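Dumped work_10.txt below, it's compact mmCIF, C-alpha atoms:
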```txt
# COMPACT_ATOMS: atom_id res chain seq x y z
CA MET A 1359 39.90 19.45 108.42
CA ASP A 1360 40.61 22.59 110.45
CA ILE A 1361 43.07 24.13 107.96
CA LYS A 1362 44.40 26.80 110.30
CA ARG A 1363 45.13 24.30 113.03
CA TYR A 1364 46.62 21.80 110.59
CA MET A 1365 48.95 24.37 109.01
CA ASP A 1366 50.01 25.69 112.41
CA GLY A 1367 51.05 22.15 113.34
CA VAL A 1368 52.97 21.80 110.08
CA GLY A 1369 54.69 25.13 110.70
CA ARG A 1370 55.67 24.26 114.26
CA GLY A 1371 57.08 20.94 113.12
CA ALA A 1372 59.09 22.61 110.37
CA ARG A 1373 60.50 25.26 112.72
CA ALA A 1374 61.64 22.61 115.20
CA ALA A 1375 63.16 20.53 112.38
CA SER A 1376 64.97 23.56 110.93
CA ARG A 1377 67.07 23.87 114.08
CA LEU A 1378 68.10 20.23 113.81
CA MET A 1379 68.82 20.55 110.08
CA ALA A 1380 70.97 23.63 110.61
CA ARG A 1381 73.39 21.59 112.71
CA ALA A 1382 73.21 18.37 110.66
CA ASP A 1383 76.58 17.39 109.23
CA THR A 1384 77.23 16.94 105.53
CA ALA A 1385 77.57 13.16 105.83
CA ALA A 1386 74.08 12.79 107.35
CA LYS A 1387 72.50 15.00 104.71
CA ASN A 1388 74.21 13.08 101.93
CA ARG A 1389 73.12 9.74 103.45
CA ALA A 1390 69.53 10.97 103.40
CA LEU A 1391 69.77 12.11 99.78
CA GLU A 1392 71.29 8.80 98.68
CA ALA A 1393 68.65 6.83 100.60
CA ILE A 1394 65.84 8.85 99.02
CA ALA A 1395 67.35 8.33 95.57
CA GLN A 1396 67.54 4.57 96.13
CA ALA A 1397 63.96 4.44 97.44
CA ILE A 1398 62.66 6.36 94.41
CA SER A 1399 64.44 3.98 92.03
CA ARG A 1400 63.15 0.96 93.95
CA GLU A 1401 59.56 2.22 93.95
CA THR A 1402 59.34 3.27 90.30
CA GLY A 1403 56.24 1.14 89.76
CA ARG A 1404 54.50 2.60 92.79
CA LEU A 1405 55.22 6.17 91.68
CA LEU A 1406 53.99 5.50 88.14
CA ALA A 1407 50.80 3.95 89.52
CA ALA A 1408 50.20 7.00 91.72
CA ASN A 1409 50.84 9.27 88.75
CA ALA A 1410 48.38 7.24 86.65
CA MET A 1411 45.69 7.97 89.24
CA ASP A 1412 46.44 11.69 89.01
CA LEU A 1413 46.40 11.58 85.20
CA GLU A 1414 43.08 9.75 85.11
CA GLU A 1415 41.51 12.41 87.31
CA ALA A 1416 43.07 15.26 85.30
CA LYS A 1417 41.68 13.84 82.04
CA ARG A 1418 38.28 13.38 83.65
CA LYS A 1419 38.33 17.09 84.57
CA GLY A 1420 39.18 17.96 80.96
CA LEU A 1421 42.46 19.70 81.74
CA GLU A 1422 44.49 20.97 78.78
CA PRO A 1423 46.94 18.61 77.02
CA ALA A 1424 49.90 20.89 77.88
CA PHE A 1425 49.03 20.67 81.56
CA ILE A 1426 48.63 16.90 81.39
CA ASP A 1427 52.03 16.70 79.67
CA ARG A 1428 53.64 18.54 82.60
CA LEU A 1429 51.82 16.27 85.04
CA THR A 1430 52.93 13.05 83.35
CA LEU A 1431 55.75 11.09 85.01
CA SER A 1432 57.57 8.41 83.01
CA ALA A 1433 60.06 5.74 84.07
CA LYS A 1434 62.73 7.98 82.58
CA GLY A 1435 61.43 10.87 84.68
CA VAL A 1436 61.61 8.77 87.84
CA ALA A 1437 65.21 7.84 87.01
CA ALA A 1438 65.99 11.55 86.46
CA MET A 1439 64.56 12.38 89.90
CA SER A 1440 66.82 9.79 91.50
CA GLU A 1441 69.86 10.98 89.54
CA GLY A 1442 69.11 14.59 90.47
CA LEU A 1443 69.23 13.74 94.17
CA LEU A 1444 72.56 11.95 93.76
CA GLN A 1445 73.91 15.02 91.95
CA ILE A 1446 72.82 17.23 94.84
CA ALA A 1447 74.57 14.86 97.26
CA SER A 1448 77.79 15.23 95.23
CA LEU A 1449 77.73 19.03 95.41
CA PRO A 1450 79.79 20.93 98.01
CA ASP A 1451 77.87 21.74 101.18
CA PRO A 1452 77.62 25.53 101.49
CA VAL A 1453 76.55 25.52 105.14
CA GLY A 1454 79.24 26.63 107.60
CA GLU A 1455 81.54 28.01 104.89
CA ILE A 1456 83.54 30.94 106.30
CA SER A 1457 84.75 33.70 103.98
CA ASP A 1458 86.39 37.15 104.10
CA LEU A 1459 88.00 36.52 107.50
CA LYS A 1460 90.17 39.56 108.30
CA PHE A 1461 92.00 40.94 111.35
CA ARG A 1462 90.86 44.36 112.53
CA PRO A 1463 93.12 46.89 114.31
CA SER A 1464 91.46 45.89 117.61
CA GLY A 1465 92.79 42.35 117.20
CA ILE A 1466 89.42 40.72 116.49
CA GLN A 1467 88.83 38.73 113.31
CA VAL A 1468 85.67 39.51 111.34
CA GLY A 1469 84.26 37.26 108.62
CA LYS A 1470 81.08 35.78 107.21
CA MET A 1471 79.56 32.32 107.67
CA ARG A 1472 77.03 30.79 105.29
CA VAL A 1473 73.90 29.55 107.09
CA PRO A 1474 70.49 28.09 106.09
CA LEU A 1475 67.50 30.38 105.61
CA GLY A 1476 65.43 28.26 108.02
CA VAL A 1477 61.97 27.16 106.86
CA ILE A 1478 61.18 27.43 103.15
CA GLY A 1479 57.63 27.16 101.83
CA ILE A 1480 57.43 26.05 98.19
CA ILE A 1481 54.20 26.27 96.20
CA TYR A 1482 54.13 24.67 92.76
CA GLU A 1483 51.88 23.23 90.08
CA ALA A 1484 51.68 20.03 88.08
CA ARG A 1485 55.23 18.67 87.85
CA PRO A 1486 55.68 15.95 90.51
CA ASN A 1487 59.47 15.92 90.04
CA VAL A 1488 59.56 19.31 91.79
CA THR A 1489 58.72 17.49 95.04
CA ALA A 1490 61.97 15.52 94.91
CA ASP A 1491 64.07 18.43 93.59
CA ALA A 1492 62.81 20.87 96.22
CA ALA A 1493 63.18 18.36 99.04
CA GLY A 1494 66.74 17.56 97.99
CA LEU A 1495 67.89 21.15 97.66
CA CYS A 1496 66.35 22.25 100.95
CA LEU A 1497 67.77 19.22 102.72
CA LYS A 1498 71.34 19.72 101.44
CA SER A 1499 71.26 23.44 102.27
CA GLY A 1500 70.23 22.67 105.86
CA ASN A 1501 66.68 24.02 105.63
CA ALA A 1502 63.30 22.57 106.53
CA ALA A 1503 60.74 22.57 103.70
CA ILE A 1504 56.97 22.81 103.53
CA LEU A 1505 55.87 21.74 100.04
CA ARG A 1506 52.46 22.46 98.62
CA GLY A 1507 52.13 20.82 95.21
CA GLY A 1508 49.18 21.16 92.87
CA SER A 1509 46.04 19.26 93.79
CA GLU A 1510 46.23 17.50 90.40
CA ALA A 1511 49.42 15.69 91.50
CA LEU A 1512 48.31 14.88 95.03
CA HIS A 1513 48.67 11.07 94.81
CA CYS A 1514 52.13 11.15 93.26
CA ASN A 1515 53.39 13.92 95.54
CA GLN A 1516 52.31 12.00 98.64
CA ALA A 1517 54.00 8.85 97.32
CA ILE A 1518 57.26 10.76 96.80
CA ALA A 1519 56.89 12.34 100.26
CA SER A 1520 56.73 8.91 101.89
CA LEU A 1521 60.02 7.97 100.23
CA VAL A 1522 61.63 11.24 101.31
CA HIS A 1523 60.60 10.47 104.89
CA GLU A 1524 62.09 6.99 104.57
CA GLY A 1525 65.41 8.51 103.52
CA LEU A 1526 65.36 11.04 106.37
CA ARG A 1527 64.73 8.26 108.90
CA THR A 1528 67.59 6.22 107.45
CA ALA A 1529 69.98 9.13 108.06
CA GLY A 1530 68.66 9.90 111.54
CA LEU A 1531 67.17 13.23 110.47
CA PRO A 1532 63.67 14.45 111.42
CA GLU A 1533 60.85 13.50 109.04
CA SER A 1534 59.31 16.95 109.60
CA ALA A 1535 62.30 18.47 107.78
CA VAL A 1536 60.28 17.88 104.59
CA GLN A 1537 56.49 18.04 104.79
CA VAL A 1538 54.17 17.80 101.80
CA ILE A 1539 50.77 19.36 102.50
CA GLU A 1540 48.19 16.59 102.56
CA THR A 1541 45.14 18.64 101.62
CA SER A 1542 44.13 20.15 98.27
CA ASP A 1543 42.18 22.92 100.04
CA ARG A 1544 43.44 26.26 98.70
CA ALA A 1545 43.04 27.78 102.15
CA ALA A 1546 46.25 25.93 103.06
CA VAL A 1547 48.17 28.20 100.65
CA GLY A 1548 46.72 31.30 102.29
CA GLU A 1549 47.90 30.07 105.67
CA LEU A 1550 51.35 29.04 104.43
CA ILE A 1551 52.18 32.43 102.91
CA THR A 1552 51.22 34.34 106.05
CA MET A 1553 52.78 32.15 108.81
CA LYS A 1554 55.55 34.64 109.63
CA SER A 1555 56.43 32.96 112.91
CA HIS A 1556 57.00 29.57 111.25
CA VAL A 1557 58.16 30.27 107.66
CA ASP A 1558 61.13 32.40 106.53
CA VAL A 1559 60.73 32.54 102.75
CA ILE A 1560 58.22 31.47 100.08
CA VAL A 1561 59.17 30.16 96.63
CA PRO A 1562 56.28 29.93 94.12
CA ARG A 1563 56.79 27.83 90.97
CA GLY A 1564 54.10 27.85 88.31
CA GLY A 1565 52.11 30.11 86.03
CA LYS A 1566 51.96 33.89 86.21
CA GLY A 1567 48.55 33.80 87.93
CA LEU A 1568 49.85 31.69 90.81
CA ILE A 1569 52.99 33.77 91.26
CA GLU A 1570 51.08 37.08 91.16
CA ARG A 1571 48.67 35.82 93.80
CA ILE A 1572 51.47 34.67 96.08
CA SER A 1573 53.43 37.91 95.61
CA ASN A 1574 50.39 40.07 96.36
CA GLU A 1575 49.11 38.13 99.36
CA ALA A 1576 52.27 36.87 101.09
CA THR A 1577 53.46 38.55 104.28
CA ILE A 1578 56.72 36.59 104.04
CA PRO A 1579 59.62 37.37 101.62
CA VAL A 1580 59.08 35.74 98.20
CA ILE A 1581 61.74 34.53 95.74
CA LYS A 1582 60.12 34.55 92.30
CA HIS A 1583 59.89 35.61 88.69
CA LEU A 1584 56.66 36.59 86.97
CA ASP A 1585 57.49 36.47 83.25
CA GLY A 1586 60.16 35.08 80.98
CA VAL A 1587 60.09 37.59 78.12
CA CYS A 1588 63.55 36.63 76.82
CA HIS A 1589 65.33 38.27 73.88
CA VAL A 1590 68.07 37.37 71.42
CA TYR A 1591 69.68 40.32 69.63
CA ILE A 1592 71.55 39.52 66.40
CA ASP A 1593 74.11 42.28 66.00
CA ASP A 1594 75.49 43.58 62.69
CA ASP A 1595 78.83 42.00 63.72
CA ALA A 1596 77.30 38.57 64.39
CA ASP A 1597 78.71 35.35 62.98
CA PHE A 1598 76.03 34.15 60.52
CA ASP A 1599 76.17 30.45 61.43
CA LYS A 1600 76.21 31.14 65.17
CA ALA A 1601 73.23 33.45 64.81
CA LEU A 1602 71.19 30.78 62.98
CA ARG A 1603 71.97 28.07 65.54
CA ILE A 1604 71.40 30.24 68.60
CA ALA A 1605 68.19 31.93 67.45
CA ASP A 1606 66.74 28.59 66.32
CA ASN A 1607 67.63 26.78 69.56
CA ALA A 1608 66.52 29.63 71.83
CA LYS A 1609 63.00 29.43 70.40
CA THR A 1610 62.39 25.88 69.21
CA GLN A 1611 64.33 23.59 71.58
CA ARG A 1612 61.34 23.83 73.95
CA TYR A 1613 58.41 26.21 73.70
CA GLY A 1614 56.92 26.10 77.19
CA THR A 1615 59.87 27.14 79.37
CA CYS A 1616 60.60 30.48 81.00
CA ASN A 1617 64.03 30.74 79.33
CA THR A 1618 62.68 30.34 75.78
CA MET A 1619 63.19 33.36 73.50
CA GLU A 1620 59.95 35.24 72.89
CA THR A 1621 61.31 38.23 70.90
CA LEU A 1622 64.03 38.25 68.25
CA LEU A 1623 65.80 41.56 67.62
CA VAL A 1624 67.90 41.93 64.45
CA ALA A 1625 70.19 44.78 63.40
CA SER A 1626 68.82 46.45 60.28
CA SER A 1627 72.08 46.11 58.33
CA VAL A 1628 71.95 42.28 58.47
CA ALA A 1629 68.18 41.69 58.65
CA GLY A 1630 67.85 41.11 54.91
CA LYS A 1631 70.54 38.42 55.05
CA ILE A 1632 69.71 36.58 58.29
CA LEU A 1633 65.89 36.71 58.46
CA PRO A 1634 65.04 34.72 55.28
CA PRO A 1635 66.96 31.51 56.22
CA LEU A 1636 66.13 31.84 59.91
CA CYS A 1637 62.41 32.39 59.35
CA GLU A 1638 62.38 29.48 56.90
CA ILE A 1639 63.52 27.29 59.82
CA TYR A 1640 60.81 28.71 62.08
CA LEU A 1641 58.04 28.31 59.54
CA LYS A 1642 59.04 24.71 58.80
CA LYS A 1643 58.76 24.01 62.52
CA GLY A 1644 55.32 25.60 62.72
CA VAL A 1645 56.30 28.79 64.53
CA GLU A 1646 53.90 31.69 64.02
CA LEU A 1647 55.85 34.89 63.31
CA ARG A 1648 54.68 38.37 64.34
CA GLY A 1649 56.84 41.28 63.25
CA ASP A 1650 57.19 45.02 62.87
CA GLU A 1651 56.87 46.71 59.50
CA ALA A 1652 60.57 46.33 58.64
CA ALA A 1653 60.59 42.60 59.41
CA ARG A 1654 57.35 42.03 57.48
CA SER A 1655 58.81 43.73 54.43
CA ILE A 1656 61.45 40.96 54.36
CA ILE A 1657 59.24 38.01 55.41
CA ARG A 1658 55.81 38.24 53.81
CA GLU A 1659 54.36 35.31 55.79
CA MET A 1660 54.84 37.29 59.00
CA LYS A 1661 51.78 38.72 60.77
CA ALA A 1662 51.76 42.25 62.12
CA ALA A 1663 52.93 42.47 65.74
CA THR A 1664 50.87 44.52 68.18
CA GLU A 1665 52.19 46.58 71.09
CA GLU A 1666 51.03 43.79 73.39
CA ASP A 1667 53.16 41.21 71.56
CA TRP A 1668 56.45 42.83 72.61
CA GLY A 1669 55.76 42.18 76.28
CA THR A 1670 54.10 38.76 75.97
CA GLU A 1671 55.52 35.47 77.23
CA TYR A 1672 53.90 33.11 74.73
CA LEU A 1673 55.14 29.75 76.05
CA ALA A 1674 54.07 28.54 72.61
CA PRO A 1675 55.37 28.34 68.99
CA ILE A 1676 54.88 32.08 68.47
CA LEU A 1677 57.72 34.57 68.03
CA SER A 1678 57.85 38.36 67.87
CA VAL A 1679 60.46 39.81 65.49
CA ARG A 1680 61.70 43.39 65.38
CA VAL A 1681 64.35 45.05 63.22
CA VAL A 1682 66.36 47.61 65.20
CA LYS A 1683 68.87 50.21 64.13
CA ASP A 1684 71.75 49.15 66.41
CA LEU A 1685 72.81 47.86 69.83
CA ASP A 1686 71.43 50.91 71.65
CA GLU A 1687 67.97 50.49 70.15
CA ALA A 1688 68.05 46.76 70.98
CA MET A 1689 68.92 47.49 74.62
CA ASP A 1690 66.25 50.20 74.79
CA HIS A 1691 63.68 47.64 73.57
CA ILE A 1692 64.81 45.08 76.19
CA ALA A 1693 64.67 47.70 78.96
CA LEU A 1694 61.12 48.68 77.95
CA TYR A 1695 59.58 45.26 77.28
CA GLY A 1696 61.80 42.68 78.97
CA SER A 1697 61.13 40.89 82.25
CA GLN A 1698 64.73 40.87 83.56
CA HIS A 1699 64.93 37.11 83.07
CA THR A 1700 67.40 36.15 80.29
CA ASP A 1701 68.67 38.08 77.29
CA ALA A 1702 71.41 37.27 74.76
CA ILE A 1703 73.49 39.02 72.12
CA VAL A 1704 75.11 37.36 69.10
CA THR A 1705 78.17 39.37 68.08
CA GLU A 1706 81.88 39.05 67.33
CA ASP A 1707 82.52 42.62 68.55
CA TYR A 1708 84.14 42.44 72.01
CA SER A 1709 83.23 46.01 72.96
CA LYS A 1710 79.55 45.52 72.09
CA ALA A 1711 79.47 42.25 74.01
CA ARG A 1712 80.92 43.99 77.08
CA ARG A 1713 78.37 46.79 76.82
CA PHE A 1714 75.49 44.29 76.54
CA LEU A 1715 76.72 42.37 79.60
CA ARG A 1716 77.11 45.54 81.63
CA GLU A 1717 73.99 47.44 80.60
CA VAL A 1718 71.24 44.81 80.17
CA ASP A 1719 69.60 44.50 83.58
CA SER A 1720 68.53 40.84 83.62
CA SER A 1721 69.23 37.94 85.95
CA SER A 1722 71.10 36.12 83.15
CA VAL A 1723 72.85 37.96 80.30
CA MET A 1724 74.58 35.95 77.57
CA VAL A 1725 77.00 36.43 74.70
CA ASN A 1726 76.86 34.00 71.76
CA ALA A 1727 74.79 31.39 73.59
CA SER A 1728 71.15 30.27 73.64
CA THR A 1729 68.86 31.62 76.35
CA ARG A 1730 67.89 27.99 77.04
CA PHE A 1731 71.10 27.66 79.09
CA ALA A 1732 69.54 29.76 81.89
CA ASP A 1733 69.05 26.75 84.13
CA GLY A 1734 70.50 25.61 87.44
CA PHE A 1735 71.74 22.29 86.07
CA GLU A 1736 73.42 23.96 83.08
CA TYR A 1737 75.04 26.50 85.41
CA GLY A 1738 76.53 23.71 87.54
CA LEU A 1739 74.21 24.29 90.50
CA GLY A 1740 72.66 20.81 90.38
CA ALA A 1741 68.88 21.01 90.45
CA GLU A 1742 67.34 24.45 90.98
CA ILE A 1743 64.51 25.61 93.18
CA GLY A 1744 63.47 28.13 90.52
CA ILE A 1745 64.55 31.32 88.77
CA SER A 1746 64.60 34.67 90.57
CA THR A 1747 64.39 38.02 88.80
CA ASP A 1748 64.47 39.86 92.13
CA LYS A 1749 67.50 42.00 92.90
CA LEU A 1750 67.76 41.23 96.61
CA HIS A 1751 69.19 38.01 98.05
CA ALA A 1752 69.03 35.59 95.08
CA ARG A 1753 69.03 36.35 91.35
CA GLY A 1754 68.89 33.93 88.41
CA PRO A 1755 68.72 30.15 88.94
CA VAL A 1756 68.45 29.47 92.67
CA GLY A 1757 70.53 26.50 93.83
CA LEU A 1758 72.06 25.58 97.16
CA GLU A 1759 73.81 28.90 97.77
CA GLY A 1760 70.60 30.79 96.99
CA LEU A 1761 68.88 28.85 99.79
CA THR A 1762 71.39 30.13 102.33
CA SER A 1763 72.33 33.49 103.76
CA GLN A 1764 75.41 34.90 105.46
CA LYS A 1765 75.92 36.16 108.97
CA PHE A 1766 78.89 38.03 110.38
CA ILE A 1767 81.11 36.14 112.78
CA VAL A 1768 83.69 37.65 115.12
CA LEU A 1769 86.65 35.74 116.61
CA GLY A 1770 88.33 37.34 119.61
CA ASP A 1771 90.76 36.55 122.39
CA GLY A 1772 89.46 38.69 125.22
CA GLN A 1773 89.33 42.02 123.36
CA VAL A 1774 87.02 44.76 124.66
CA ARG A 1775 86.06 47.98 122.91
CA THR A 1776 87.61 51.16 124.27
```
Whole structure given in structure tokens:
Amino acid sequence: MDIKRYMDGVGRGARAASRLMARADTAAKNRALEAIAQAISRETGRLLAANAMDLEEAKRKGLEPAFIDRLTLSAKGVAAMSEGLLQIASLPDPVGEISDLKFRPSGIQVGKMRVPLGVIGIIYEARPNVTADAAGLCLKSGNAAILRGGSEALHCNQAIASLVHEGLRTAGLPESAVQVIETSDRAAVGELITMKSHVDVIVPRGGKGLIERISNEATIPVIKHLDGVCHVYIDDDADFDKALRIADNAKTQRYGTCNTMETLLVASSVAGKILPPLCEIYLKKGVELRGDEAARSIIREMKAATEEDWGTEYLAPILSVRVVKDLDEAMDHIALYGSQHTDAIVTEDYSKARRFLREVDSSSVMVNASTRFADGFEYGLGAEIGISTDKLHARGPVGLEGLTSQKFIVLGDGQVRT
């Protein structure tokens, strides 16, 4: 296959489709989403068979169990894909929304209209459900999508793509509005992230290595996050029971997600009270604890934390623990070692909570809640395309609104500038 020529054809098709999608009405987009959801439910057996082929090949290659777990699609997972598309269909359509319309002294009205970004390239690993989620979100937000899934999920991704195309045809929308790259050749990624004339934005989803490569090599704007070094700070005015529940859930509800707590910070005045019962929970669940000298003096089973530990996203049952003097020292630690993803404070002091919300510079900042809530579905966005820790355009979970932009519109009645 001539990769350059193939990708140019994909890009041209996406650009042409993006113009048609930008003017598609909400009813047509919802019909497509509902048809795709129905097709996915109907073809559960076919999708599981395609996934079984991918799994067999992954095991033959000796890929790690954690990777194979992410690659595995169950009947429940297929049902969740279908349900996710129906949820996207039920969400308000952001495209065409006009806001801030005001009369100017000249008599013109000036406002803003929400519009699609255009063509979105999405590069992701392992999880085949991302194919359906990404297709649905791009479709509803009026964009065209070029999806490049991991080579390990090629069979399942292509099977899902065929059902997406079926749904688009049913609604009278162009099949090229969603294209899944048909080759596993990595050169296709290099082409996708540099096709400035065909692609408007790139969204990488996967491990740090993938995202760093895309960020360094792309000549197109990238929406991304590199690390999820998330913190929970237990303040000296924290409610004891809340602190136990939140710190436990933030770490142990799931270990391999970007919104899982990786460092626990505890105010020194309450560390002796809260750490023993909390660390007992962690140790019973098999969590390896790595702490500073103050934390280790309270919990003897704790290993010594290194400087590297404070900035590490473990994605595993490992937790760094540090005892800090107060709120200011906790926020200083987060500013130095955090990744601007998600950080939480547990406190009953309103003033401290307000300071934490205002001063911690992360895409999600929480008071008395688990970091695991940093998720598009939990935020009411429906499915999400990913998490952004960038400060321009989109920040935090990226849903429909994050896949659109705004342009100024002017309404006049013959006015001219004098």
Inset, instruction - For Ile1426 (chain A), list every protein, DNA or RNA residue within 12 Å, evaluated using only C-alpha atoms, and leave out those in the same chain fewer than 6 positions away; present the list as number ranges by chain. - result: A: 1409-1410, 1412-1420, 1483-1486, 1510-1511
Inset, instruction - With all atoms listed in the file counted, which protein, DNA or RNA residues have an atom no more than 10 Å from (47.9, 26.8, 105.3) in the file frame? Please answer as a PyMOL selection string. - result: chain A and resi 1360-1369+1506+1539+1541+1543-1553
Store the residues picked out above in a file with C-alpha atoms, as an mmCIF file, keeping the file's coordinate frame.
```cif
data_model
loop_
_atom_site.group_PDB
_atom_site.id
_atom_site.type_symbol
_atom_site.label_atom_id
_atom_site.label_comp_id
_atom_site.auth_asym_id
_atom_site.auth_seq_id
_atom_site.Cartn_x
_atom_site.Cartn_y
_atom_site.Cartn_z
ATOM 1 C CA ASP A 1360 40.610 22.590 110.450
ATOM 2 C CA ILE A 1361 43.070 24.130 107.960
ATOM 3 C CA LYS A 1362 44.400 26.800 110.300
ATOM 4 C CA ARG A 1363 45.130 24.300 113.030
ATOM 5 C CA TYR A 1364 46.620 21.800 110.590
ATOM 6 C CA MET A 1365 48.950 24.370 109.010
ATOM 7 C CA ASP A 1366 50.010 25.690 112.410
ATOM 8 C CA GLY A 1367 51.050 22.150 113.340
ATOM 9 C CA VAL A 1368 52.970 21.800 110.080
ATOM 10 C CA GLY A 1369 54.690 25.130 110.700
ATOM 11 C CA ARG A 1506 52.460 22.460 98.620
ATOM 12 C CA ILE A 1539 50.770 19.360 102.500
ATOM 13 C CA THR A 1541 45.140 18.640 101.620
ATOM 14 C CA ASP A 1543 42.180 22.920 100.040
ATOM 15 C CA ARG A 1544 43.440 26.260 98.700
ATOM 16 C CA ALA A 1545 43.040 27.780 102.150
ATOM 17 C CA ALA A 1546 46.250 25.930 103.060
ATOM 18 C CA VAL A 1547 48.170 28.200 100.650
ATOM 19 C CA GLY A 1548 46.720 31.300 102.290
ATOM 20 C CA GLU A 1549 47.900 30.070 105.670
ATOM 21 C CA LEU A 1550 51.350 29.040 104.430
ATOM 22 C CA ILE A 1551 52.180 32.430 102.910
ATOM 23 C CA THR A 1552 51.220 34.340 106.050
ATOM 24 C CA MET A 1553 52.780 32.150 108.810
#
```
Inset, instruction - Skip Gly1494 (chain A) itself and residues of its chain fewer than 5 positions away, then list as a PyMOL selection string all residues within 9 Å of it, counting only C-alpha atoms. - result: chain A and resi 1390-1391+1394+1442-1443+1446-1447+1489+1499+1522+1741
Legend entry - Length of the CA of Lys1600 (chain A) to CA of Asn1726 (chain A) vector [Å]: 7.2 Å
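As for CA of Leu1512 (chain A) and CA of Ala1492 (chain A), they are spaced 15.7 Å apart.
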Inset, instruction - State, in Å with one decimal place, the distance from CA of Thr1615 (chain A) to CA of Tyr1672 (chain A). - result: 9.6 Å
Inset, instruction - Go through A:Ala1490, A:Val1624, A:Ala1382, A:Val1477 and flag the residue nearest His1589 (chain A), using only C-alpha atoms for the distances. - result: A:Val1624
Legend entry - Residue neighbourhood Ile1478 (chain A), 8 Å, only C-alpha atoms, exclusion window fewer than 5 positions, as a ChimeraX atom specification: /A:1496,1501-1504,1557-1561
Complete the atoms of region 1718-1722 of chain A to all heavy atoms and put them out as an mmCIF file, in the coordinates of the input.
```cif
data_model
loop_
_atom_site.group_PDB
_atom_site.id
_atom_site.type_symbol
_atom_site.label_atom_id
_atom_site.label_comp_id
_atom_site.auth_asym_id
_atom_site.auth_seq_id
_atom_site.Cartn_x
_atom_site.Cartn_y
_atom_site.Cartn_z
ATOM 1 N N VAL A 1718 72.540 45.513 80.153
ATOM 2 C CA VAL A 1718 71.240 44.810 80.170
ATOM 3 C C VAL A 1718 70.984 44.298 81.583
ATOM 4 O O VAL A 1718 71.752 43.511 82.128
ATOM 5 C CB VAL A 1718 71.218 43.662 79.143
ATOM 6 C CG1 VAL A 1718 69.944 42.837 79.301
ATOM 7 C CG2 VAL A 1718 71.307 44.217 77.728
ATOM 8 N N ASP A 1719 69.891 44.761 82.167
ATOM 9 C CA ASP A 1719 69.600 44.500 83.580
ATOM 10 C C ASP A 1719 68.714 43.269 83.742
ATOM 11 O O ASP A 1719 67.537 43.370 84.078
ATOM 12 C CB ASP A 1719 68.936 45.741 84.188
ATOM 13 C CG ASP A 1719 68.762 45.618 85.693
ATOM 14 O OD1 ASP A 1719 69.465 44.799 86.315
ATOM 15 O OD2 ASP A 1719 67.912 46.347 86.247
ATOM 16 N N SER A 1720 69.283 42.098 83.485
ATOM 17 C CA SER A 1720 68.530 40.840 83.620
ATOM 18 C C SER A 1720 69.291 39.881 84.528
ATOM 19 O O SER A 1720 70.490 40.061 84.756
ATOM 20 C CB SER A 1720 68.309 40.204 82.246
ATOM 21 O OG SER A 1720 67.497 41.051 81.443
ATOM 22 N N SER A 1721 68.595 38.860 85.009
ATOM 23 C CA SER A 1721 69.230 37.940 85.950
ATOM 24 C C SER A 1721 70.251 37.042 85.266
ATOM 25 O O SER A 1721 71.169 36.539 85.916
ATOM 26 C CB SER A 1721 68.174 37.091 86.666
ATOM 27 O OG SER A 1721 67.499 36.236 85.766
ATOM 28 N N SER A 1722 70.094 36.814 83.960
ATOM 29 C CA SER A 1722 71.100 36.120 83.150
ATOM 30 C C SER A 1722 71.289 36.905 81.855
ATOM 31 O O SER A 1722 70.304 37.209 81.166
ATOM 32 C CB SER A 1722 70.683 34.686 82.816
ATOM 33 O OG SER A 1722 70.769 33.842 83.943
#
```
